[in-house]
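What follows is a set of notes on a single structure, which appears directly below.
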Amino acid sequence: MNRREILKNISVLSLTGGVAGAMLPLSEATAAPAAPKRDLFKELGVTPVINASVTMTFLSGSLMLPEVLEAIESVAHDFANMHELQDKVGAKIADMLKVEGAMVTSGAACAMLLGTAACITGTDAEKIKRIPNLPGPRPEVIMQKSHRYLFDQAITTTGANIIEVDGPDAMDKAFNNNTVMALFFNAAGESSVTREQFVALCKKHKVPSFIDAAADVPPVGNLFKFQQMGFDLITFSGGKMIRGPQSAGLLFGRKDLIEAAKLNHSPHEAPIGRPMKVNKEEIFGMYVALKAYLERDHDKEWKDWLQRTQRVKSIVETVPGVKGENYIDPGPANNFPSLDISWDETKLKTTPQQVYEKLKNDNPSIVTNVAHKNGKSYLRVGVVLLKPEQVEYVANKVKGHFLNP
Ligand SMILES: *Cc1c(COP(=O)(O)O)cnc(C)c1O
């Protein structure tokens with residue numbers, strides 16, 4: 001077969017189940033000079049980043065899985081009615097996560113805002129129109145004092161006041177006619193009210209409970225845990241370890257609240273969530289990413305991560321005086337393995353901070369972390385976001401900085 005015939009037949013061949021690859025020697029299939037791939041990083045002078053850290057929004061979150069990219073490409077050529085799409089994808093996600101309702105938002109921060117808005121407005125068209133400038137006393141959202149964090153501005157953007165409490169008794173007394181919701185920050189670490197007490201108090205006062213678990217997979221079981229505990233609303237980021245589109249997220253839980261949240265969101269023209277539009281590709285992409293995440297072999301993935309830390313360790317430890325040890329973040333956020341590297345700083349005249357800076361200033365930039373444990377600092381190399389071929393590349397770069405400090 002010559003190249004012309006191949007090109008003519010390729011669509012037929014791929015339709016009949018990918019025999020093209022099997023029939024053609026690789027050299028023939030790739031013989032024609034491929035058009036040089038457009039490199040937009042280069043064209044715009046944007047520094048590519050190798051993420052040897054954790055998912056961070058400023059580093060563009062996560063990388064979408066190939067099946068997500070394929071899904072996006074496959075749906076990008078046709079229009080859809082966005083109400084129907086959100087409803088159908090939401091129903092499917094709700095099914096997958098064993099909850100009544102779900103929707104795709106533009107990230108967990110958007111889910112926090114929409115969930116709060118839903119608790120304030122319900123389906124009241126007048127309130128949806130006027131939020132955050134409702135007449136009367138400000139709506140109140142209860143949070144534990146130790147749970148206050150930067151992201152709670154997504155709550156106050158709705159016009160709600162946050163009422164801080166410390167301990168179950170104080171929380172019990174904080175409920176009043178203006179209370180619309182209570183927010184639990186899952187990764188807060190310190191809690192004066194346990195999740196179970198929190199849910200029970202909300203139920204007693206008939207006020208919806210919301211838990212922000214944005215970065216809290218793995219383990220995959222966390223996607224099911226909080227609805228089983230009785231939380232009414234739950235959010236996870238789409239663009240972290242679920243590896244969906246960076247600007248997507250999940251809001252799920254009670255059906256009536258999800259429906260009210262949708263009324264506060266795009267594609268409706270005016271509501272508070274309209275500036276947080278999610279596009280068709282992200283909605284489809286989020287569904288595909290979540291499905292792939294739930295179906296993945298998580299034990300195998302964990303073993304693969306450990307093999308990666310082992311590989312980095314074996315490379316850097318070829319330098320005398322260098323030691324690598326596994327670090328597994330206890331979570332709830334970032335609960336996965338990394339490698340902590342330390343060395344004899346009297347022998348190798350460099351510090352973790354200096355190696356960190358050098359890696360970061362490299363091109364491609366390699367972003368790691370400096371960790372402090374027991375009065376000692378370590379270079380922490382994350383492995384879960386590396387492409388397979390980047391594992392040795394990063395290890396050798398680190399090693400290079402030991403040899404030429
Ligand atoms: C990342 C994060 C958010 C924001 O999530 P986005 O999906 O980026 O909007 C909110 N809360 C916590 C705890 C997070 O880690």
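We label chains A, B, ... in the order they appear in the structure tokens, count residues from 1 in each chain, and number ligands from 1 in the order shown.
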
Given only C-alpha atoms and all ligand atoms, how would the per-residue table for chain A near ligand 1 read, listing every residue at most 6 Å away with its closest atom pair and distance in Å to one decimal, sorted by chain and number, as JSON lines?
{"residue": "A:Thr57", "atom": "CA", "partner": "ligand 1", "partner_atom_place_in_ligand_line": "8 (O)", "distance": 5.9}
{"residue": "A:Gly107", "atom": "CA", "partner": "ligand 1", "partner_atom_place_in_ligand_line": "7 (O)", "distance": 3.4}
{"residue": "A:Ala108", "atom": "CA", "partner": "ligand 1", "partner_atom_place_in_ligand_line": "7 (O)", "distance": 3.8}
{"residue": "A:Ala109", "atom": "CA", "partner": "ligand 1", "partner_atom_place_in_ligand_line": "9 (O)", "distance": 3.8}
{"residue": "A:Cys110", "atom": "CA", "partner": "ligand 1", "partner_atom_place_in_ligand_line": "9 (O)", "distance": 6.0}
{"residue": "A:Phe151", "atom": "CA", "partner": "ligand 1", "partner_atom_place_in_ligand_line": "10 (C)", "distance": 5.6}
{"residue": "A:Asp212", "atom": "CA", "partner": "ligand 1", "partner_atom_place_in_ligand_line": "11 (N)", "distance": 5.9}
{"residue": "A:Ala213", "atom": "CA", "partner": "ligand 1", "partner_atom_place_in_ligand_line": "13 (C)", "distance": 5.9}
{"residue": "A:Ala214", "atom": "CA", "partner": "ligand 1", "partner_atom_place_in_ligand_line": "14 (C)", "distance": 4.6}
{"residue": "A:Ala215", "atom": "CA", "partner": "ligand 1", "partner_atom_place_in_ligand_line": "15 (O)", "distance": 4.6}
{"residue": "A:Ser237", "atom": "CA", "partner": "ligand 1", "partner_atom_place_in_ligand_line": "7 (O)", "distance": 3.8}
{"residue": "A:Gly249", "atom": "CA", "partner": "ligand 1", "partner_atom_place_in_ligand_line": "7 (O)", "distance": 5.4}

Dump as a PDB file, in the first residue's frame, selection limited to N, CA, C and O atoms:
ATOM      1  N   THR A  57      -3.720  25.718  41.751  1.00  0.00           N
ATOM      2  CA  THR A  57      -4.396  26.491  40.717  1.00  0.00           C
ATOM      3  C   THR A  57      -3.428  27.393  39.966  1.00  0.00           C
ATOM      4  O   THR A  57      -3.510  27.517  38.753  1.00  0.00           O
ATOM      5  N   GLY A 107     -15.540  24.977  39.193  1.00  0.00           N
ATOM      6  CA  GLY A 107     -14.606  24.778  40.295  1.00  0.00           C
ATOM      7  C   GLY A 107     -15.325  24.707  41.635  1.00  0.00           C
ATOM      8  O   GLY A 107     -16.519  25.020  41.742  1.00  0.00           O
ATOM      9  N   ALA A 108     -14.574  24.297  42.652  1.00  0.00           N
ATOM     10  CA  ALA A 108     -15.157  24.142  43.986  1.00  0.00           C
ATOM     11  C   ALA A 108     -15.533  25.495  44.583  1.00  0.00           C
ATOM     12  O   ALA A 108     -16.523  25.599  45.314  1.00  0.00           O
ATOM     13  N   ALA A 109     -14.772  26.535  44.274  1.00  0.00           N
ATOM     14  CA  ALA A 109     -15.101  27.861  44.819  1.00  0.00           C
ATOM     15  C   ALA A 109     -16.458  28.310  44.291  1.00  0.00           C
ATOM     16  O   ALA A 109     -17.283  28.862  45.032  1.00  0.00           O
ATOM     17  N   CYS A 110     -16.715  28.042  43.023  1.00  0.00           N
ATOM     18  CA  CYS A 110     -18.028  28.350  42.440  1.00  0.00           C
ATOM     19  C   CYS A 110     -19.115  27.518  43.115  1.00  0.00           C
ATOM     20  O   CYS A 110     -20.204  28.022  43.408  1.00  0.00           O
ATOM     21  N   PHE A 151     -10.769  30.621  51.130  1.00  0.00           N
ATOM     22  CA  PHE A 151     -11.850  30.314  50.195  1.00  0.00           C
ATOM     23  C   PHE A 151     -13.231  30.709  50.708  1.00  0.00           C
ATOM     24  O   PHE A 151     -14.180  30.708  49.935  1.00  0.00           O
ATOM     25  N   ASP A 212     -16.768  21.305  52.260  1.00  0.00           N
ATOM     26  CA  ASP A 212     -15.809  21.576  51.195  1.00  0.00           C
ATOM     27  C   ASP A 212     -14.676  20.557  51.307  1.00  0.00           C
ATOM     28  O   ASP A 212     -13.878  20.600  52.234  1.00  0.00           O
ATOM     29  N   ALA A 213     -14.646  19.625  50.344  1.00  0.00           N
ATOM     30  CA  ALA A 213     -13.602  18.585  50.312  1.00  0.00           C
ATOM     31  C   ALA A 213     -12.831  18.703  48.997  1.00  0.00           C
ATOM     32  O   ALA A 213     -12.404  17.704  48.409  1.00  0.00           O
ATOM     33  N   ALA A 214     -12.634  19.955  48.554  1.00  0.00           N
ATOM     34  CA  ALA A 214     -12.140  20.235  47.193  1.00  0.00           C
ATOM     35  C   ALA A 214     -10.960  19.364  46.755  1.00  0.00           C
ATOM     36  O   ALA A 214     -10.952  18.836  45.646  1.00  0.00           O
ATOM     37  N   ALA A 215      -9.960  19.233  47.625  1.00  0.00           N
ATOM     38  CA  ALA A 215      -8.713  18.570  47.195  1.00  0.00           C
ATOM     39  C   ALA A 215      -8.576  17.184  47.827  1.00  0.00           C
ATOM     40  O   ALA A 215      -7.475  16.650  47.901  1.00  0.00           O
ATOM     41  N   SER A 237     -13.151  19.699  43.742  1.00  0.00           N
ATOM     42  CA  SER A 237     -12.622  20.330  42.532  1.00  0.00           C
ATOM     43  C   SER A 237     -12.560  19.305  41.412  1.00  0.00           C
ATOM     44  O   SER A 237     -12.245  18.135  41.665  1.00  0.00           O
ATOM     45  N   GLY A 249     -15.771  21.813  38.484  1.00  0.00           N
ATOM     46  CA  GLY A 249     -15.891  21.267  39.830  1.00  0.00           C
ATOM     47  C   GLY A 249     -17.234  20.586  39.973  1.00  0.00           C
ATOM     48  O   GLY A 249     -18.069  20.645  39.070  1.00  0.00           O
TER      49      GLY A 249
END

- Task: From the DSSP assignment of the backbone, select every residue of segment 86-293 of chain A that is helix (DSSP H, G or I), and format the answer as a ChimeraX atom specification.
- Result: /A:86-97,108-121,125-130,145-147,150-156,168-174,195-204,222-229,255-263,274-276,280-293

- Item | Selection: 10 Å around segment 286-296 of chain A, only C-alpha atoms, excl. self and same-chain fewer than 4 positions, as a VMD selection string | chain A and resid 64 to 72 89 to 90 92 to 93 96 to 97 103 to 105 217 to 218 220 to 221 223 237 to 239 241 to 250 280 to 282 300 to 301

- Query: Quick one: residues within 12 Å of Ala52 of chain A, only C-alpha atoms counted, chain neighbours fewer than 2 positions away excluded, as a ChimeraX atom specification?
  - Reply: /A:49-50,54-56,59,62,308-309,312,337-340,356,359-360,364-370,379-388,390-395,397-398

- Message: Env of segment 254-261 of chain A: 10 Å cut, atoms = only C-alpha atoms, seq-sep filter 6 positions within chain, self excluded. Answer as an NGL selection string.
- Response: :A and (87 or 90-91 or 94 or 99-103 or 105 or 111 or 113-125 or 128 or 208 or 227 or 230-234 or 273)

- Nearby residues (only C-alpha atoms) at most 12 Å from Asp152 of chain A, same-chain spacing under 5 positions excluded, as a PyMOL selection string: chain A and resi 108-113+116+141-145+147+157-164+182-185+211-212

- Item | Residues of segment 43-143 of chain A in strand (DSSP E), written as a ChimeraX atom specification | /A:49-51,101-105,140-143
